[in-house]
file entry_39.cif (mmCIF, C-alpha atoms)
data_entry
loop_
_atom_site.label_atom_id
_atom_site.label_comp_id
_atom_site.auth_asym_id
_atom_site.auth_seq_id
_atom_site.Cartn_x
_atom_site.Cartn_y
_atom_site.Cartn_z
CA MET A 212 134.43 67.69 111.54
CA ALA A 213 133.94 66.27 115.03
CA ILE A 214 135.48 68.38 117.78
CA THR A 215 136.23 67.91 121.47
CA LEU A 216 136.40 70.96 123.72
CA PRO A 217 138.97 71.24 126.53
CA GLY A 218 138.01 69.48 129.74
CA GLU A 219 134.65 68.15 128.57
CA SER A 220 133.27 64.86 129.89
CA PRO A 221 131.97 61.98 127.74
CA GLU A 222 128.48 62.78 129.07
CA TYR A 223 128.78 66.36 127.87
CA ARG A 224 130.00 65.30 124.42
CA ALA A 225 127.19 62.78 123.96
CA ALA A 226 124.55 65.35 124.95
CA ARG A 227 126.19 68.05 122.82
CA ASP A 228 126.25 65.78 119.77
CA GLN A 229 122.53 65.09 120.23
CA LEU A 230 121.87 68.82 120.49
CA LEU A 231 123.98 69.40 117.38
CA GLU A 232 121.66 67.13 115.42
CA ARG A 233 118.71 69.25 116.53
CA GLU A 234 120.58 72.42 115.54
CA ILE A 235 121.18 70.94 112.09
CA GLU A 236 117.47 70.15 111.83
CA LEU A 237 116.64 73.71 112.87
CA ARG A 238 118.99 75.12 110.22
CA ARG A 239 117.30 72.98 107.59
CA ALA A 240 113.85 74.02 108.78
CA MET A 241 114.78 77.70 108.69
CA GLU A 242 116.06 77.35 105.14
CA ALA A 243 112.94 75.44 104.12
CA VAL A 244 110.73 78.22 105.54
CA ALA A 245 112.80 80.87 103.74
CA ALA A 246 112.54 78.92 100.49
CA ALA A 247 108.76 78.57 100.88
CA ARG A 248 108.51 82.29 101.54
CA ARG A 249 110.43 83.12 98.37
CA VAL A 250 107.95 81.22 96.19
CA LEU A 251 104.77 82.68 97.65
CA PRO A 252 102.21 83.56 94.95
CA PRO A 253 101.96 87.27 94.10
CA GLY A 254 100.53 89.24 96.99
CA GLY A 255 97.89 91.91 96.79
CA SER A 256 98.64 94.99 94.75
CA VAL A 257 99.07 98.22 96.69
CA LYS A 258 96.13 100.44 95.81
CA LEU A 259 97.46 103.66 97.33
CA ASP A 260 100.82 105.28 96.67
CA TYR A 261 101.05 106.30 100.33
CA VAL A 262 102.55 109.71 101.04
CA PHE A 263 104.92 109.74 104.02
CA GLN A 264 107.00 112.56 105.43
CA GLY A 265 110.76 112.25 105.55
CA ALA A 266 113.76 114.51 105.79
CA GLY A 267 114.53 116.16 102.45
CA ALA A 268 117.96 116.90 101.06
CA ASP A 269 118.05 120.15 103.06
CA GLY A 270 116.84 118.44 106.22
CA ALA A 271 113.39 120.00 106.02
CA PRO A 272 110.28 117.76 106.02
CA ALA A 273 109.39 116.56 102.53
CA ASP A 274 106.70 114.31 101.13
CA VAL A 275 107.87 110.93 99.87
CA ARG A 276 105.62 108.36 98.23
CA LEU A 277 105.82 104.63 98.77
CA SER A 278 106.87 104.19 95.14
CA GLU A 279 109.78 106.58 95.70
CA LEU A 280 111.22 104.32 98.41
CA PHE A 281 112.30 101.87 95.68
CA GLU A 282 115.76 102.63 94.34
CA ALA A 283 116.87 101.55 90.88
CA GLY A 284 117.90 97.91 90.82
CA LYS A 285 116.35 97.10 94.22
CA GLU A 286 112.95 95.51 93.86
CA SER A 287 112.20 94.67 97.51
CA LEU A 288 111.20 97.15 100.22
CA VAL A 289 111.21 96.26 103.93
CA ILE A 290 109.24 98.55 106.24
CA TYR A 291 109.34 98.26 110.02
CA SER A 292 106.46 99.93 111.86
CA PHE A 293 107.97 101.64 114.89
CA MET A 294 105.54 101.97 117.82
CA PHE A 295 105.88 105.70 118.34
CA PRO A 296 103.60 106.38 120.15
CA ARG A 297 104.04 103.31 122.32
CA ASP A 298 101.37 100.89 123.48
CA PRO A 299 99.34 102.82 126.10
CA ALA A 300 99.55 99.84 128.47
CA ASP A 301 103.37 100.01 128.49
CA GLN A 302 104.49 101.77 131.67
CA THR A 303 108.24 101.27 131.12
CA PRO A 304 110.05 104.52 132.00
CA GLY A 305 110.69 106.83 129.08
CA PRO A 306 113.99 108.43 128.06
CA HIS A 307 115.75 110.34 130.84
CA ASP A 308 116.91 113.30 128.78
CA GLY A 309 116.60 115.01 125.42
CA GLU A 310 113.54 116.34 123.63
CA THR A 311 111.81 112.97 123.75
CA ALA A 312 111.93 112.95 127.55
CA LEU A 313 109.61 115.97 127.54
CA LEU A 314 106.80 114.05 125.83
CA PRO A 315 103.99 112.51 127.87
CA LEU A 316 104.82 108.84 128.41
CA ALA A 317 101.91 107.64 126.25
CA GLU A 318 103.15 109.76 123.32
CA GLY A 319 106.73 108.53 123.54
CA PRO A 320 108.48 105.68 121.70
CA CYS A 321 108.31 102.00 122.54
CA PRO A 322 111.47 100.80 124.36
CA SER A 323 111.39 97.33 122.78
CA CYS A 324 111.07 98.81 119.28
CA THR A 325 113.92 101.12 120.18
CA ALA A 326 116.16 98.22 121.20
CA PHE A 327 115.31 96.45 117.96
CA LEU A 328 116.09 99.53 115.87
CA ASP A 329 119.37 100.07 117.74
CA GLN A 330 120.37 96.70 116.29
CA VAL A 331 118.90 97.27 112.82
CA ASP A 332 120.71 100.60 112.51
CA GLY A 333 123.99 98.70 112.66
CA ALA A 334 122.87 96.31 109.91
CA ALA A 335 121.17 98.88 107.67
CA GLU A 336 124.22 99.92 105.67
CA HIS A 337 124.89 96.29 104.78
CA ALA A 338 121.24 95.44 104.07
CA THR A 339 120.67 98.41 101.78
CA GLN A 340 123.30 97.17 99.37
CA HIS A 341 120.58 94.80 98.15
CA ILE A 342 117.19 95.94 99.47
CA ASN A 343 115.29 99.11 100.30
CA LEU A 344 114.70 99.64 104.02
CA ALA A 345 112.57 102.17 105.90
CA VAL A 346 111.18 102.71 109.39
CA VAL A 347 107.72 104.23 109.68
CA ALA A 348 106.16 105.79 112.77
CA LYS A 349 102.75 107.37 113.30
CA THR A 350 104.17 110.26 115.31
CA PRO A 351 105.04 113.59 113.60
CA LEU A 352 108.34 113.57 111.73
CA PRO A 353 110.17 116.09 113.98
CA ARG A 354 109.67 113.75 116.94
CA VAL A 355 111.04 110.77 115.01
CA LEU A 356 114.10 112.68 113.83
CA ALA A 357 114.79 114.15 117.27
CA PHE A 358 114.68 110.72 118.86
CA ALA A 359 116.95 109.29 116.15
CA ARG A 360 119.53 111.95 116.97
CA GLU A 361 119.26 111.13 120.66
CA ARG A 362 119.80 107.40 119.99
CA GLY A 363 122.64 108.01 117.56
CA TRP A 364 120.90 106.33 114.64
CA ARG A 365 122.75 107.24 111.44
CA ARG A 366 121.75 104.68 108.82
CA LEU A 367 117.99 104.22 109.10
CA ARG A 368 115.56 105.93 106.72
CA LEU A 369 112.91 107.32 109.06
CA LEU A 370 109.45 108.36 107.94
CA SER A 371 106.23 109.58 109.49
CA SER A 372 102.91 108.03 108.51
CA SER A 373 100.86 110.51 110.53
CA GLY A 374 99.15 111.75 107.36
CA ASN A 375 98.13 108.45 105.78
CA THR A 376 96.44 105.12 106.51
CA PHE A 377 99.42 102.83 105.93
CA ASN A 378 99.59 101.60 109.54
CA ALA A 379 95.92 100.74 109.72
CA ASP A 380 95.83 99.15 106.26
CA TYR A 381 98.79 96.83 106.94
CA PHE A 382 97.91 95.84 110.52
CA ALA A 383 100.50 98.05 112.18
CA GLU A 384 97.64 99.73 114.03
CA THR A 385 94.58 98.33 115.80
CA GLU A 386 91.03 99.53 115.34
CA ASP A 387 91.61 101.59 118.50
CA ALA A 388 94.65 103.28 116.89
CA VAL A 389 97.13 101.40 119.10
CA GLN A 390 100.39 100.96 117.22
CA ARG A 391 101.76 97.47 116.47
CA PRO A 392 105.38 96.56 115.50
CA MET A 393 104.63 94.94 112.15
CA LEU A 394 107.36 94.25 109.63
CA THR A 395 106.12 94.37 106.05
CA VAL A 396 107.83 93.51 102.77
CA PHE A 397 106.76 94.86 99.39
CA ARG A 398 107.92 93.86 95.93
CA ARG A 399 108.04 96.03 92.83
CA ASP A 400 106.54 94.09 89.92
CA GLY A 401 107.00 96.16 86.78
CA ASP A 402 104.88 99.27 87.27
CA ALA A 403 102.98 97.72 90.16
CA ILE A 404 103.88 97.35 93.82
CA ARG A 405 102.66 94.23 95.59
CA HIS A 406 102.60 93.16 99.19
CA PHE A 407 104.97 90.20 99.60
CA TRP A 408 105.08 89.22 103.29
CA SER A 409 104.22 90.51 106.75
CA SER A 410 105.30 89.30 110.19
CA GLU A 411 101.91 87.73 110.91
CA LEU A 412 103.32 85.75 113.83
CA LEU A 413 102.54 88.94 115.75
CA TYR A 414 98.87 87.96 115.57
CA ALA A 415 99.26 84.18 115.81
CA PRO A 416 98.76 82.34 119.13
CA SER A 417 101.96 82.01 121.19
CA ASP A 418 102.92 79.02 123.29
CA PRO A 419 102.95 79.57 127.08
CA GLY A 420 105.84 81.74 128.19
CA GLN A 421 106.65 82.92 124.68
CA GLU A 422 106.36 86.30 123.05
CA PRO A 423 105.14 86.39 119.42
CA ARG A 424 108.76 86.50 118.14
CA HIS A 425 107.46 87.76 114.81
CA VAL A 426 110.87 89.28 114.07
CA GLY A 427 112.73 86.90 116.36
CA THR A 428 115.22 85.68 113.77
CA LEU A 429 116.37 89.29 113.27
CA GLU A 430 117.11 90.11 116.92
CA PRO A 431 120.72 89.54 118.02
CA LEU A 432 119.88 90.45 121.61
CA TRP A 433 117.38 87.68 122.34
CA ASN A 434 119.26 85.14 120.25
CA LEU A 435 122.38 85.84 122.31
CA PHE A 436 120.43 85.10 125.48
CA ASP A 437 119.33 81.79 123.97
CA LEU A 438 122.99 80.69 123.78
CA THR A 439 123.54 80.98 127.53
CA PRO A 440 122.70 78.65 130.44
CA GLU A 441 120.38 81.32 131.85
CA GLY A 442 118.43 81.73 128.63
CA ARG A 443 116.07 84.67 128.15
CA PRO A 444 115.71 86.62 131.39
CA ALA A 445 112.21 86.06 132.77
CA GLY A 446 110.17 89.20 133.32
CA TRP A 447 112.84 91.45 131.82
CA ALA A 448 112.22 93.98 129.08
CA GLU A 449 114.46 96.34 127.19
CA GLN A 450 114.96 99.85 128.60
CA PHE A 451 116.10 103.13 127.13
CA SER A 452 119.09 103.09 129.47
CA TYR A 453 120.49 100.90 132.26
CA GLY A 454 122.16 101.50 135.58
#
call {"tool": "encode", "arguments": {"input": "entry_39.cif", "output": "structure tokens"}}
result
Amino acid sequence: MAITLPGESPEYRAARDQLLEREIELRRAMEAVAAARRVLPPGGSVKLDYVFQGAGADGAPADVRLSELFEAGKESLVIYSFMFPRDPADQTPGPHDGETALLPLAEGPCPSCTAFLDQVDGAAEHATQHINLAVVAKTPLPRVLAFARERGWRRLRLLSSSGNTFNADYFAETEDAVQRPMLTVFRRDGDAIRHFWSSELLYAPSDPGQEPRHVGTLEPLWNLFDLTPEGRPAGWAEQFSYG
């Protein structure tokens, strides 16, 4: 259906129709990439049933294995690696109050990861109707849970990987133990668990002026900016609070 918006000029409509064709092409390309992803050959089998720490039924820390993150009838598991501790080069101010504010800056959480998880927390209840979803951080579990309370996260399954090698094995940690915000998908294949996909754009070369955007299609914030005349604010980064 062709539409005409109030007050628009013929020049605007001609340019908008040309842009619409490019948006249709982008939609097709995104679907083609998603379709190609779905038919990837089987990934590598997971050799270790990693033991994480999470909050048990009574709220106390409890061990939970990777295999236990798969619920009945849900064969895919999405894990986001939360940079907590943050990248040591990140000098963005930390939280202003709460237990997390007492941590040394280098031991605190990443503000960009935090902004991303603020958004994912809203989607988690919907997503977990069909998939398993967890957030893993290298910091001790009490720190993760305290920060979640401070942010008001209610739907995310939060785990600590401080006692295993998951982050290093799946490129969510550098050789120098710097944390990286990898998103990793696993698939349960009978009795086996296989790696399915990781956000490898994080490690791919970026064009000038671009961030890796390895989870860019999942971020409402930056996609909203893309819809405006101003676009993405240059030199701006997410903060724990504003004003």
call {"tool": "resolve_selection", "arguments": {"input": "entry_39.cif", "expression": "the PyMOL selection byres ((chain A and resi 345) around 6)", "output": "list of chain:residue names"}}
result
A:Ile290, A:Leu344, A:Val346, A:Arg368
call {"tool": "write_last_selection", "arguments": {"input": "entry_39.cif", "atoms": "C-alpha atoms", "output": "short mmCIF file (atom, residue, chain, number, x, y, z; two decimals), in the frame of the given file"}}
result
data_model
loop_
_atom_site.label_atom_id
_atom_site.label_comp_id
_atom_site.auth_asym_id
_atom_site.auth_seq_id
_atom_site.Cartn_x
_atom_site.Cartn_y
_atom_site.Cartn_z
CA ILE A 290 109.24 98.55 106.24
CA LEU A 344 114.70 99.64 104.02
CA VAL A 346 111.18 102.71 109.39
CA ARG A 368 115.56 105.93 106.72
#
call {"tool": "residues_around", "arguments": {"input": "entry_39.cif", "residues": "segment 361-365 of chain A", "least_positions_apart": "5", "cutoff": "12 Å", "atoms": "all atoms listed in the file", "output": "ChimeraX atom specification"}}
result
/A:306-312,320,322,325-336,346,354-356,451-452
call {"tool": "atom_distance", "arguments": {"input": "entry_39.cif", "atom1": "atom CA of Pro431 of chain A", "atom2": "atom CA of Asp228 of chain A"}}
result
24.5 Å
call {"tool": "resolve_selection", "arguments": {"input": "entry_39.cif", "expression": "the PyMOL selection byres ((chain A and resi 304) around 8)", "output": "ChimeraX atom specification"}}
result
/A:302-303,305-306,316,450-451
call {"tool": "write_last_selection", "arguments": {"input": "entry_39.cif", "atoms": "C-alpha atoms", "output": "mmCIF file, in the frame of the given file"}}
result
data_model
loop_
_atom_site.group_PDB
_atom_site.id
_atom_site.type_symbol
_atom_site.label_atom_id
_atom_site.label_comp_id
_atom_site.auth_asym_id
_atom_site.auth_seq_id
_atom_site.Cartn_x
_atom_site.Cartn_y
_atom_site.Cartn_z
ATOM 1 C CA GLN A 302 104.490 101.770 131.670
ATOM 2 C CA THR A 303 108.240 101.270 131.120
ATOM 3 C CA GLY A 305 110.690 106.830 129.080
ATOM 4 C CA PRO A 306 113.990 108.430 128.060
ATOM 5 C CA LEU A 316 104.820 108.840 128.410
ATOM 6 C CA GLN A 450 114.960 99.850 128.600
ATOM 7 C CA PHE A 451 116.100 103.130 127.130
#
call {"tool": "atom_distance", "arguments": {"input": "entry_39.cif", "atom1": "atom CA of Leu277 of chain A", "atom2": "atom CA of Leu370 of chain A"}}
result
10.5 Å
call {"tool": "closest_residue", "arguments": {"input": "entry_39.cif", "among": "A:Val262, A:Ile404, A:Ala246, A:Cys321", "to": "Ser287 of chain A", "atoms": "all atoms listed in the file"}}
result
A:Ile404
call {"tool": "residues_around", "arguments": {"input": "entry_39.cif", "residues": "Trp433 of chain A", "least_positions_apart": "3", "cutoff": "9 Å", "atoms": "all atoms listed in the file", "output": "list of chain:residue names"}}
result
A:Gly427, A:Glu430, A:Phe436, A:Asp437, A:Gly442, A:Arg443
call {"tool": "closest_residue", "arguments": {"input": "entry_39.cif", "among": "A:Thr350, A:Ser417, A:Ser323, A:Asn343", "to": "Asn375 of chain A", "atoms": "only C-alpha atoms"}}
result
A:Thr350
call {"tool": "closest_residue", "arguments": {"input": "entry_39.cif", "among": "A:Asp260, A:Glu286, A:Glu441, A:Glu411", "to": "Ala383 of chain A", "atoms": "all atoms listed in the file"}}
result
A:Glu411
call {"tool": "resolve_selection", "arguments": {"input": "entry_39.cif", "expression": "the PyMOL selection byres ((chain A and resi 292) around 12)", "output": "PyMOL selection string"}}
result
chain A and resi 289-291+293-297+320-321+324-325+327-328+344-350+369-372+377-379+381-384+389-396+409-410+426
call {"tool": "atom_distance", "arguments": {"input": "entry_39.cif", "atom1": "atom CA of Asp301 of chain A", "atom2": "atom CA of Ala445 of chain A"}}
result
17.1 Å
call {"tool": "axis_aligned_box", "arguments": {"input": "entry_39.cif", "around": "segment 328-344 of chain A", "padding_each_side": "6 Å", "output": "AutoDock Vina command-line options"}}
result
--center_x 119.8 --center_y 97.7 --center_z 107.9 --size_x 22.2 --size_y 17.8 --size_z 31.6
call {"tool": "residues_around", "arguments": {"input": "entry_39.cif", "residues": "Leu412 of chain A", "least_positions_apart": "4", "cutoff": "8 Å", "atoms": "all atoms listed in the file", "output": "list in words"}}
result
Pro416, Pro423, Arg424 and His425 of chain A
call {"tool": "closest_residue", "arguments": {"input": "entry_39.cif", "among": "A:Ala245, A:Leu280, A:Ala415, A:Leu216", "to": "Arg398 of chain A", "atoms": "only C-alpha atoms"}}
result
A:Leu280
call {"tool": "build_atoms", "arguments": {"input": "entry_39.cif", "residues": "segment 279-301 of chain A", "atoms": "N, CA and C atoms", "output": "PDB file, in the frame of the given file"}}
result
ATOM      1  N   GLU A 279     108.475 105.922  95.737  1.00  0.00           N
ATOM      2  CA  GLU A 279     109.780 106.580  95.700  1.00  0.00           C
ATOM      3  C   GLU A 279     110.774 105.954  96.663  1.00  0.00           C
ATOM      4  N   LEU A 280     110.319 105.009  97.487  1.00  0.00           N
ATOM      5  CA  LEU A 280     111.220 104.320  98.410  1.00  0.00           C
ATOM      6  C   LEU A 280     111.981 103.198  97.713  1.00  0.00           C
ATOM      7  N   PHE A 281     111.609 102.891  96.463  1.00  0.00           N
ATOM      8  CA  PHE A 281     112.300 101.870  95.680  1.00  0.00           C
ATOM      9  C   PHE A 281     113.407 102.522  94.869  1.00  0.00           C
ATOM     10  N   GLU A 282     114.645 102.147  95.135  1.00  0.00           N
ATOM     11  CA  GLU A 282     115.760 102.630  94.340  1.00  0.00           C
ATOM     12  C   GLU A 282     115.952 101.755  93.109  1.00  0.00           C
ATOM     13  N   ALA A 283     116.620 102.295  92.121  1.00  0.00           N
ATOM     14  CA  ALA A 283     116.870 101.550  90.880  1.00  0.00           C
ATOM     15  C   ALA A 283     117.661 100.281  91.196  1.00  0.00           C
ATOM     16  N   GLY A 284     117.209  99.164  90.642  1.00  0.00           N
ATOM     17  CA  GLY A 284     117.900  97.910  90.820  1.00  0.00           C
ATOM     18  C   GLY A 284     117.591  97.179  92.106  1.00  0.00           C
ATOM     19  N   LYS A 285     116.741  97.754  92.960  1.00  0.00           N
ATOM     20  CA  LYS A 285     116.350  97.100  94.220  1.00  0.00           C
ATOM     21  C   LYS A 285     114.837  96.960  94.217  1.00  0.00           C
ATOM     22  N   GLU A 286     114.372  95.734  94.071  1.00  0.00           N
ATOM     23  CA  GLU A 286     112.950  95.510  93.860  1.00  0.00           C
ATOM     24  C   GLU A 286     112.174  95.193  95.142  1.00  0.00           C
ATOM     25  N   SER A 287     112.865  94.978  96.248  1.00  0.00           N
ATOM     26  CA  SER A 287     112.200  94.670  97.510  1.00  0.00           C
ATOM     27  C   SER A 287     112.332  95.845  98.478  1.00  0.00           C
ATOM     28  N   LEU A 288     111.253  96.077  99.228  1.00  0.00           N
ATOM     29  CA  LEU A 288     111.200  97.150 100.220  1.00  0.00           C
ATOM     30  C   LEU A 288     110.740  96.559 101.541  1.00  0.00           C
ATOM     31  N   VAL A 289     111.546  96.721 102.583  1.00  0.00           N
ATOM     32  CA  VAL A 289     111.210  96.260 103.930  1.00  0.00           C
ATOM     33  C   VAL A 289     110.867  97.478 104.779  1.00  0.00           C
ATOM     34  N   ILE A 290     109.683  97.452 105.384  1.00  0.00           N
ATOM     35  CA  ILE A 290     109.240  98.550 106.240  1.00  0.00           C
ATOM     36  C   ILE A 290     108.982  98.009 107.640  1.00  0.00           C
ATOM     37  N   TYR A 291     109.620  98.599 108.633  1.00  0.00           N
ATOM     38  CA  TYR A 291     109.340  98.260 110.020  1.00  0.00           C
ATOM     39  C   TYR A 291     108.474  99.367 110.610  1.00  0.00           C
ATOM     40  N   SER A 292     107.373  98.968 111.233  1.00  0.00           N
ATOM     41  CA  SER A 292     106.460  99.930 111.860  1.00  0.00           C
ATOM     42  C   SER A 292     106.863 100.122 113.318  1.00  0.00           C
ATOM     43  N   PHE A 293     107.441 101.250 113.587  1.00  0.00           N
ATOM     44  CA  PHE A 293     107.970 101.640 114.890  1.00  0.00           C
ATOM     45  C   PHE A 293     106.812 102.148 115.754  1.00  0.00           C
ATOM     46  N   MET A 294     106.633 101.559 116.921  1.00  0.00           N
ATOM     47  CA  MET A 294     105.540 101.970 117.820  1.00  0.00           C
ATOM     48  C   MET A 294     105.911 103.285 118.515  1.00  0.00           C
ATOM     49  N   PHE A 295     105.642 104.334 117.839  1.00  0.00           N
ATOM     50  CA  PHE A 295     105.880 105.700 118.340  1.00  0.00           C
ATOM     51  C   PHE A 295     104.687 106.506 117.861  1.00  0.00           C
ATOM     52  N   PRO A 296     103.628 106.622 118.705  1.00  0.00           N
ATOM     53  CA  PRO A 296     103.600 106.380 120.150  1.00  0.00           C
ATOM     54  C   PRO A 296     103.556 104.906 120.534  1.00  0.00           C
ATOM     55  N   ARG A 297     103.969 104.652 121.770  1.00  0.00           N
ATOM     56  CA  ARG A 297     104.040 103.310 122.320  1.00  0.00           C
ATOM     57  C   ARG A 297     102.656 102.762 122.630  1.00  0.00           C
ATOM     58  N   ASP A 298     102.609 101.492 123.003  1.00  0.00           N
ATOM     59  CA  ASP A 298     101.370 100.890 123.480  1.00  0.00           C
ATOM     60  C   ASP A 298     100.966 101.602 124.778  1.00  0.00           C
ATOM     61  N   PRO A 299      99.734 102.073 124.897  1.00  0.00           N
ATOM     62  CA  PRO A 299      99.340 102.820 126.100  1.00  0.00           C
ATOM     63  C   PRO A 299      99.418 102.006 127.381  1.00  0.00           C
ATOM     64  N   ALA A 300      99.442 100.670 127.272  1.00  0.00           N
ATOM     65  CA  ALA A 300      99.550  99.840 128.470  1.00  0.00           C
ATOM     66  C   ALA A 300     100.999  99.697 128.943  1.00  0.00           C
ATOM     67  N   ASP A 301     101.954 100.139 128.151  1.00  0.00           N
ATOM     68  CA  ASP A 301     103.370 100.010 128.490  1.00  0.00           C
ATOM     69  C   ASP A 301     103.783 101.136 129.432  1.00  0.00           C
TER      70      ASP A 301
END
